[in-house]
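I have placed the structure first, in the form of structure tokens, so that the comments after it can refer back to it.
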Amino acid sequence: MRKLGAVAATGAVLALALAAWTRQPPLPAQGGAKVTGKIKFVGTKPAMPKIDMTEEPKCKAKYQGVPTDETVVVNANGTLANVFVYVKSGLPASYQAPAPAGPVTLDQDGCRYHPHVLGIQVGQPLAIKNSDGILHNIKAKAKANRPFNISQPSVMTSSKTFDKPEVMVALECNVHGWMHAWLGVLPHPFFSVSGADGSFTLAGLPPGTYTIEAWHEKYGTQTATVTVAGSEAKTADFSFAAK
Amino acid sequence: MVSGLLLLALRATAFPIPHSPIPPQDTTKGKAVYVKWCAGCHGDGGAGDGAAAAHMLPRPRNFTGGLYKIRTTASGQLPTDADLLRAIDDGLPASAMPGWKGRLSDGERRDAVAYIKTFSSFFADTSQHVVPLKFSSPPGGGTGEAALKQGRLFYDSIGCRKCHGDQGRGDGPSAPTLKDDADFPIFAADLHQNWRFRGGGSVEDIYRRLRTGLDGTPMPSFADLIDQKFLTDEELWRLAQYVRSLSPPAPPEVRDVVHAPQIPGTVPVSPDDSAWARVARYWFPLVGQVIHKSRWFAPAVSGVWVQAMHDGKTLALRVSWDDRTESPDTAWLKFEQRILETVAGDDSAPPPPRAEPWPDQLAVQFPRRLPEGSGGMERPYFLMGATTDPVYQWRWTSRPRRALAGLARGIERFDTLASAPAGEAIYEHGEWCLVLTRALATPDTANEVQLEAGRAIPMAFFAWDGSSGEHGSRMAVSTWYFLALDRPTPPSVFISPVLAMLVTLGLGLVVVRRAQRRGAVPSHRNV
């Protein structure tokens, strides 16, 4: 009986080792090429509606003035923030990137999401943090992935992962109808979100010809084709016009 | 080989494949059932866009996303076959979805489940593990005062009131902004009407909805709170019990006759008079007006509670109903617009632009005269009478806050009469309470119903929620019911038994005396 147990245990260890070995992904063909660019904004900056946080004094107190909607954020230098830029296609079919173990954090602070637009890799944990300490619900209106809708009535952090690439997953809070965030889920690490200076960087690209897409929640998408070799750095600028 | 088998065994233990209690299903037969019975609302492609869908709120389920409200699985997970079958078998209360048990055979319903699953690729995705959650049983302590008080604490601390409101009538500050995943407006549930909960109104049902959430709606799952030790399972049960306690112990039974007892003194004119606690209340369901144009398929007021009493001279009628808004309410203007855009009416012209926002309204309807003759139960047309045969109505509006009386000659025409009933109304936490009082007998016997005791007085109700876009023919209606003014109990009813008892006692005493006297005589002789 004990012998049988030992055999089974050895077998199990072997099986686990085998499973681990077969699941080992090939080393990603990480390269040294880089694509950078700026997101220009053309036209008149639209006025964003004010958000009335009277019902949530805790959030309201976190602002000097009246917070406004973040659908369109035009920077001081005339560039557009919150544009999700990513490699849409062009990576070799064999390309595989392991999901980073470290999470991407989405913070609910002042009844707004920080950041408003973010990217994550398939399988990478999304840490959803409630810094407000009041009730938020986080609904992910995923289509390719399974959606979820969970409640966070106090300061707490929940973790979620996404199984499939999806650009973009809409995140929202129904308690505070103005709270929206957008999450891009990709099977690789080549994505970036334009920030306060309107620039983006896609670094570590292997050599190849890529379709790069820039996505904005109001102004839609634009694409550019860029070919990089070795440790080349190339520029791809995008321009969105006011509607 | 051995390690391979072991690997399989290990895998099997890691991911137990849930065995379905339902025998194999036939999607071909399921399609035939679906096309015949389901597609009219749910659409040929299962996208919830059948011919009738545009008139409905809530809309029919869109099957293509594999997203279901009522499940036993975690938030965002696919439902089990049993979950889908339950929705088909029992239907979804307070929606257009009827129960199909008894209308379709067991096999037909199971085949329909199989076919419905083909609309979403998620069901074919083997990486989806459809595992029902394990639900605990309610803890002890049940529905005692302390337990409910604890439940109420959690109702506040986890923010239920944000949408469901302070007293649970779906009137919370976030309620006017709510939309479902298809961007249709959605109401936070009125927790005082558990018989209208889609997933059932028992405490077990409520507890399950708190664990699973209602996918595709703003209602989240609260399961994480247990995992993160913010709440214990028992505390979630307490919350469920508190929510359950807001509704009557059993769904209200619809009875035909409102009995108005005669009370000593004078009738109360205020809705919060303590006298109302002593008379029975009657529930009358209302439905959308879909007979005349423009039709209304999404009535906001699902029914009215009615109480009545009289003092021999005056009738007091108390009508209370749940309404999320004290219309007109600017916070709900956008919601109202969304309702009007979402719920298709008919081919009649859209309502003309209005000068001011619509108020809430309530109408109580009587015939002008009580039906004559012994067996006569002839009543005017229930839907506000007709040109030649008008009805006598009381109409109350929230703004201006007043009650009128008049003759309705169909939905379109209302001729105000000189004398109106007195009306006093209170709006509190999503509920209107209105008391209308009028003299039983009035001089205008030709137009105003004379409220005679001991007669069956036909009575009907109509309600409008202005902030849900209800006005004119877009309203909730009832059919004819009856009001009966009970005659005062004649004093003889109370005195006769006492008299009878006294007489019996007196006679008894006489008999005993006689018997004693008779018995006493011989004994006397003996001495």
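Residues are named by chain letter and number: chains run A, B, ... in the order of the structure tokens, numbers start at 1 in each chain, and ligands are numbered from 1 in the order shown.
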Please list as a PyMOL selection string every residue within 9 Å of Lys313 in chain B, counting only C-alpha atoms and excluding residues in the same chain fewer than 6 positions away. chain B and resi 266+438-441
Picked from range 146-363 of chain B by DSSP as helix (DSSP H, G or I), as a ChimeraX atom specification: /B:146-157,161-164,175-177,194-196,203-212,223-227,233-245,274-278,330-342
Kindly provide the residues of chain A that approach chain B to within 6 Å, each paired with its closest atom pair and their distance in Å to one decimal, based on only C-alpha atoms, listed by chain and increasing number, as JSON lines.
```
{"residue": "A:Gly11", "atom": "CA", "partner": "B:Ser3", "partner_atom": "CA", "distance": 5.5}
{"residue": "A:Ala15", "atom": "CA", "partner": "B:Ser3", "partner_atom": "CA", "distance": 5.5}
{"residue": "A:Leu135", "atom": "CA", "partner": "B:Gly159", "partner_atom": "CA", "distance": 5.6}
{"residue": "A:Arg146", "atom": "CA", "partner": "B:Gly76", "partner_atom": "CA", "distance": 5.6}
{"residue": "A:Pro147", "atom": "CA", "partner": "B:Gly76", "partner_atom": "CA", "distance": 4.8}
{"residue": "A:Phe148", "atom": "CA", "partner": "B:Gly76", "partner_atom": "CA", "distance": 4.4}
{"residue": "A:Asn149", "atom": "CA", "partner": "B:Pro220", "partner_atom": "CA", "distance": 4.8}
{"residue": "A:Ile150", "atom": "CA", "partner": "B:Pro220", "partner_atom": "CA", "distance": 4.7}
{"residue": "A:Ser151", "atom": "CA", "partner": "B:Pro220", "partner_atom": "CA", "distance": 5.5}
{"residue": "A:Pro153", "atom": "CA", "partner": "B:Ile158", "partner_atom": "CA", "distance": 5.0}
{"residue": "A:Asn174", "atom": "CA", "partner": "B:Pro218", "partner_atom": "CA", "distance": 5.6}
{"residue": "A:Val175", "atom": "CA", "partner": "B:Ser174", "partner_atom": "CA", "distance": 5.5}
```
Keeping C-alpha atoms for every residue in the selection just given, could you write it to a file as a CSV table (one decimal), in the first residue's frame?
```
chain,number,residue,atom,x,y,z
A,11,GLY,CA,4.2,9.9,-10.7
A,15,ALA,CA,3.4,14.7,-14.2
A,135,LEU,CA,-19.7,52.3,-2.3
A,146,ARG,CA,-16.5,37.3,-19.5
A,147,PRO,CA,-17.9,40.4,-17.9
A,148,PHE,CA,-18.1,41.1,-14.1
A,149,ASN,CA,-19.9,43.4,-11.8
A,150,ILE,CA,-18.6,43.5,-8.2
A,151,SER,CA,-19.2,45.7,-5.3
A,153,PRO,CA,-18.4,49.4,-0.3
A,174,ASN,CA,-23.3,52.6,-11.7
A,175,VAL,CA,-23.5,54.3,-8.4
```
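Nearest to Ile263 in chain B of all the residues B:Pro488, B:Pro139, B:Gly43, B:Gly91 is B:Pro488, counting only C-alpha atoms.
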Applying 12 Å and only C-alpha atoms, which residues near range 73-82 of chain A remain after dropping the ones on its own chain fewer than 5 positions away? List them as JSON, numbers by chain. {"A": [37, 38, 39, 40, 41, 42, 43, 44, 45, 46, 47, 48, 49, 68, 114, 115, 116, 117, 118, 119, 181, 182, 183, 184, 192, 193, 194, 195, 196, 197, 198, 199, 200, 214, 215, 216, 217, 218, 219, 237, 238, 239, 240, 241, 242]}
Please produce a file of the residues just selected, as a tab-separated table (two decimals), in the first residue's frame, where the atoms kept are N, CA and C atoms.
```
chain	number	residue	atom	x	y	z
A	37	GLY	N	5.80	58.65	-30.58
A	37	GLY	CA	5.01	59.61	-31.34
A	37	GLY	C	4.20	60.50	-30.43
A	38	LYS	N	3.53	61.43	-31.07
A	38	LYS	CA	2.67	62.35	-30.34
A	38	LYS	C	1.26	62.27	-30.92
A	39	ILE	N	0.27	62.55	-30.08
A	39	ILE	CA	-1.12	62.58	-30.53
A	39	ILE	C	-1.54	64.04	-30.57
A	40	LYS	N	-1.65	64.52	-31.79
A	40	LYS	CA	-2.02	65.94	-31.92
A	40	LYS	C	-3.54	66.07	-31.89
A	41	PHE	N	-3.96	67.22	-31.46
A	41	PHE	CA	-5.39	67.51	-31.46
A	41	PHE	C	-5.64	68.76	-32.28
A	42	VAL	N	-6.53	68.63	-33.27
A	42	VAL	CA	-6.80	69.74	-34.18
A	42	VAL	C	-8.23	70.25	-33.95
A	43	GLY	N	-8.36	71.54	-33.86
A	43	GLY	CA	-9.70	72.11	-33.72
A	43	GLY	C	-9.93	72.66	-32.33
A	44	THR	N	-11.18	73.02	-32.09
A	44	THR	CA	-11.52	73.63	-30.82
A	44	THR	C	-11.73	72.56	-29.75
A	45	LYS	N	-11.09	72.79	-28.65
A	45	LYS	CA	-11.21	71.87	-27.51
A	45	LYS	C	-12.65	71.89	-26.99
A	46	PRO	N	-13.33	70.74	-26.96
A	46	PRO	CA	-14.73	70.76	-26.51
A	46	PRO	C	-14.82	71.00	-25.01
A	47	ALA	N	-15.87	71.70	-24.61
A	47	ALA	CA	-16.07	71.93	-23.17
A	47	ALA	C	-16.64	70.66	-22.56
A	48	MET	N	-16.02	70.19	-21.51
A	48	MET	CA	-16.48	68.97	-20.86
A	48	MET	C	-17.48	69.32	-19.76
A	49	PRO	N	-18.57	68.52	-19.68
A	49	PRO	CA	-19.57	68.83	-18.64
A	49	PRO	C	-19.00	68.70	-17.23
A	68	THR	N	-14.51	67.93	-13.92
A	68	THR	CA	-15.21	67.80	-15.19
A	68	THR	C	-15.04	66.40	-15.76
A	114	HIS	N	-8.46	56.21	-11.93
A	114	HIS	CA	-7.07	56.59	-12.23
A	114	HIS	C	-6.29	55.33	-12.56
A	115	PRO	N	-5.77	55.17	-13.76
A	115	PRO	CA	-5.94	56.09	-14.89
A	115	PRO	C	-7.31	55.90	-15.57
A	116	HIS	N	-7.61	56.83	-16.45
A	116	HIS	CA	-8.88	56.79	-17.16
A	116	HIS	C	-8.83	55.78	-18.31
A	117	VAL	N	-7.63	55.62	-18.89
A	117	VAL	CA	-7.40	54.63	-19.95
A	117	VAL	C	-6.16	53.85	-19.56
A	118	LEU	N	-6.24	52.52	-19.67
A	118	LEU	CA	-5.08	51.72	-19.28
A	118	LEU	C	-5.02	50.43	-20.10
A	119	GLY	N	-3.83	49.83	-20.11
A	119	GLY	CA	-3.63	48.58	-20.83
A	119	GLY	C	-3.18	47.50	-19.88
A	181	ALA	N	-13.97	54.12	-17.34
A	181	ALA	CA	-12.57	53.87	-17.67
A	181	ALA	C	-12.54	52.86	-18.81
A	182	TRP	N	-11.41	52.82	-19.50
A	182	TRP	CA	-11.28	51.94	-20.65
A	182	TRP	C	-10.02	51.12	-20.51
A	183	LEU	N	-10.20	49.81	-20.72
A	183	LEU	CA	-9.09	48.88	-20.51
A	183	LEU	C	-8.80	48.13	-21.81
A	184	GLY	N	-7.54	48.20	-22.27
A	184	GLY	CA	-7.13	47.43	-23.44
A	184	GLY	C	-6.42	46.17	-22.98
A	192	SER	N	0.66	51.59	-25.07
A	192	SER	CA	1.02	52.80	-24.34
A	192	SER	C	-0.20	53.72	-24.33
A	193	VAL	N	-0.29	54.59	-23.34
A	193	VAL	CA	-1.40	55.55	-23.27
A	193	VAL	C	-0.81	56.95	-23.27
A	194	SER	N	-1.30	57.82	-24.14
A	194	SER	CA	-0.75	59.17	-24.20
A	194	SER	C	-1.09	59.91	-22.90
A	195	GLY	N	-0.10	60.59	-22.39
A	195	GLY	CA	-0.26	61.25	-21.10
A	195	GLY	C	-0.38	62.75	-21.23
A	196	ALA	N	0.13	63.45	-20.21
A	196	ALA	CA	-0.02	64.90	-20.11
A	196	ALA	C	0.77	65.65	-21.18
A	197	ASP	N	1.75	64.98	-21.82
A	197	ASP	CA	2.47	65.65	-22.91
A	197	ASP	C	2.03	65.10	-24.27
A	198	GLY	N	1.06	64.18	-24.27
A	198	GLY	CA	0.50	63.68	-25.52
A	198	GLY	C	1.39	62.70	-26.25
A	199	SER	N	2.41	62.19	-25.58
A	199	SER	CA	3.32	61.29	-26.29
A	199	SER	C	3.10	59.84	-25.87
A	200	PHE	N	3.60	58.95	-26.70
A	200	PHE	CA	3.54	57.52	-26.37
A	200	PHE	C	4.84	56.86	-26.79
A	214	ALA	N	-4.19	53.76	-32.91
A	214	ALA	CA	-4.43	54.71	-31.83
A	214	ALA	C	-5.93	54.78	-31.63
A	215	TRP	N	-6.36	54.57	-30.39
A	215	TRP	CA	-7.80	54.50	-30.08
A	215	TRP	C	-8.18	55.61	-29.11
A	216	HIS	N	-9.24	56.32	-29.43
A	216	HIS	CA	-9.75	57.32	-28.49
A	216	HIS	C	-11.24	57.09	-28.28
A	217	GLU	N	-11.71	57.25	-27.05
A	217	GLU	CA	-13.10	56.88	-26.74
A	217	GLU	C	-14.13	57.70	-27.49
A	218	LYS	N	-13.81	58.93	-27.86
A	218	LYS	CA	-14.78	59.74	-28.60
A	218	LYS	C	-14.43	59.82	-30.09
A	219	TYR	N	-13.14	59.90	-30.37
A	219	TYR	CA	-12.74	60.18	-31.76
A	219	TYR	C	-12.41	58.93	-32.58
A	237	ASP	N	3.30	59.78	-35.65
A	237	ASP	CA	2.41	60.74	-35.00
A	237	ASP	C	0.98	60.51	-35.49
A	238	PHE	N	0.06	60.78	-34.62
A	238	PHE	CA	-1.37	60.67	-34.98
A	238	PHE	C	-2.01	62.03	-34.74
A	239	SER	N	-3.10	62.24	-35.44
A	239	SER	CA	-3.78	63.51	-35.29
A	239	SER	C	-5.29	63.28	-35.25
A	240	PHE	N	-5.92	63.74	-34.19
A	240	PHE	CA	-7.38	63.62	-34.07
A	240	PHE	C	-7.99	65.01	-34.16
A	241	ALA	N	-9.08	65.10	-34.91
A	241	ALA	CA	-9.72	66.40	-35.09
A	241	ALA	C	-11.01	66.47	-34.27
A	242	ALA	N	-11.30	67.64	-33.76
A	242	ALA	CA	-12.53	67.85	-33.00
A	242	ALA	C	-13.73	67.55	-33.87
```
Straight-line distance linking CA of Thr105 in chain A with CA of Ile226 in chain B, stated in Å to one decimal: 21.9 Å
Within 10 Å of Leu436 in chain B, counting only C-alpha atoms, which residues qualify if same-chain residues fewer than 4 places away don't, as a PyMOL selection string? chain B and resi 268-271+308+315-319+364+394-396+403+420-425
Can you write just those residues out, C-alpha atoms, as an mmCIF file, in the first residue's frame?
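again.cif was written with the following content:
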```cif
data_model
loop_
_atom_site.group_PDB
_atom_site.id
_atom_site.type_symbol
_atom_site.label_atom_id
_atom_site.label_comp_id
_atom_site.auth_asym_id
_atom_site.auth_seq_id
_atom_site.Cartn_x
_atom_site.Cartn_y
_atom_site.Cartn_z
ATOM 1 C CA PRO B 268 -59.838 61.117 9.210
ATOM 2 C CA VAL B 269 -58.796 63.501 6.466
ATOM 3 C CA SER B 270 -55.042 63.064 6.886
ATOM 4 C CA PRO B 271 -53.116 60.138 5.329
ATOM 5 C CA ALA B 308 -61.891 53.173 3.189
ATOM 6 C CA LEU B 315 -66.522 58.726 3.012
ATOM 7 C CA ALA B 316 -62.735 58.773 3.414
ATOM 8 C CA LEU B 317 -60.728 56.801 0.846
ATOM 9 C CA ARG B 318 -57.007 56.320 1.371
ATOM 10 C CA VAL B 319 -55.002 55.316 -1.694
ATOM 11 C CA VAL B 364 -60.744 57.098 -8.772
ATOM 12 C CA TRP B 394 -62.035 62.096 -8.794
ATOM 13 C CA ARG B 395 -58.732 63.291 -10.214
ATOM 14 C CA TRP B 396 -55.821 64.228 -8.072
ATOM 15 C CA ALA B 403 -58.309 67.093 -6.345
ATOM 16 C CA ALA B 420 -64.648 68.427 -5.711
ATOM 17 C CA PRO B 421 -63.624 65.942 -3.030
ATOM 18 C CA ALA B 422 -61.186 67.124 -0.380
ATOM 19 C CA GLY B 423 -57.711 65.714 -0.978
ATOM 20 C CA GLU B 424 -54.722 65.503 1.286
ATOM 21 C CA ALA B 425 -51.511 63.799 0.175
#
```
Work out how far apart CA of Arg209 in chain B and CA of Val155 in chain A are and give it in Å to one decimal. 23.0 Å
Would you please extract all strand (DSSP E) residues from range 284-505 of chain B, as assigned by DSSP on the backbone, and give them as a PyMOL selection string? chain B and resi 284-285+287-288+303-310+314-322+361-367+391-398+401-408+414-416+422-428+431-439+456-464+476-477+481-485
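A straight line drawn from CA of Pro359 in chain B to CA of Ile339 in chain B is 16.0 Å long.
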Give me, as a PyMOL selection string, all polymer residues having an atom no more than 8 Å from Asp171 in chain B, counting only C-alpha atoms and skipping those fewer than 2 positions away in the same chain. chain B and resi 163-166+168-169+173+175-176+188+324-325+429-430
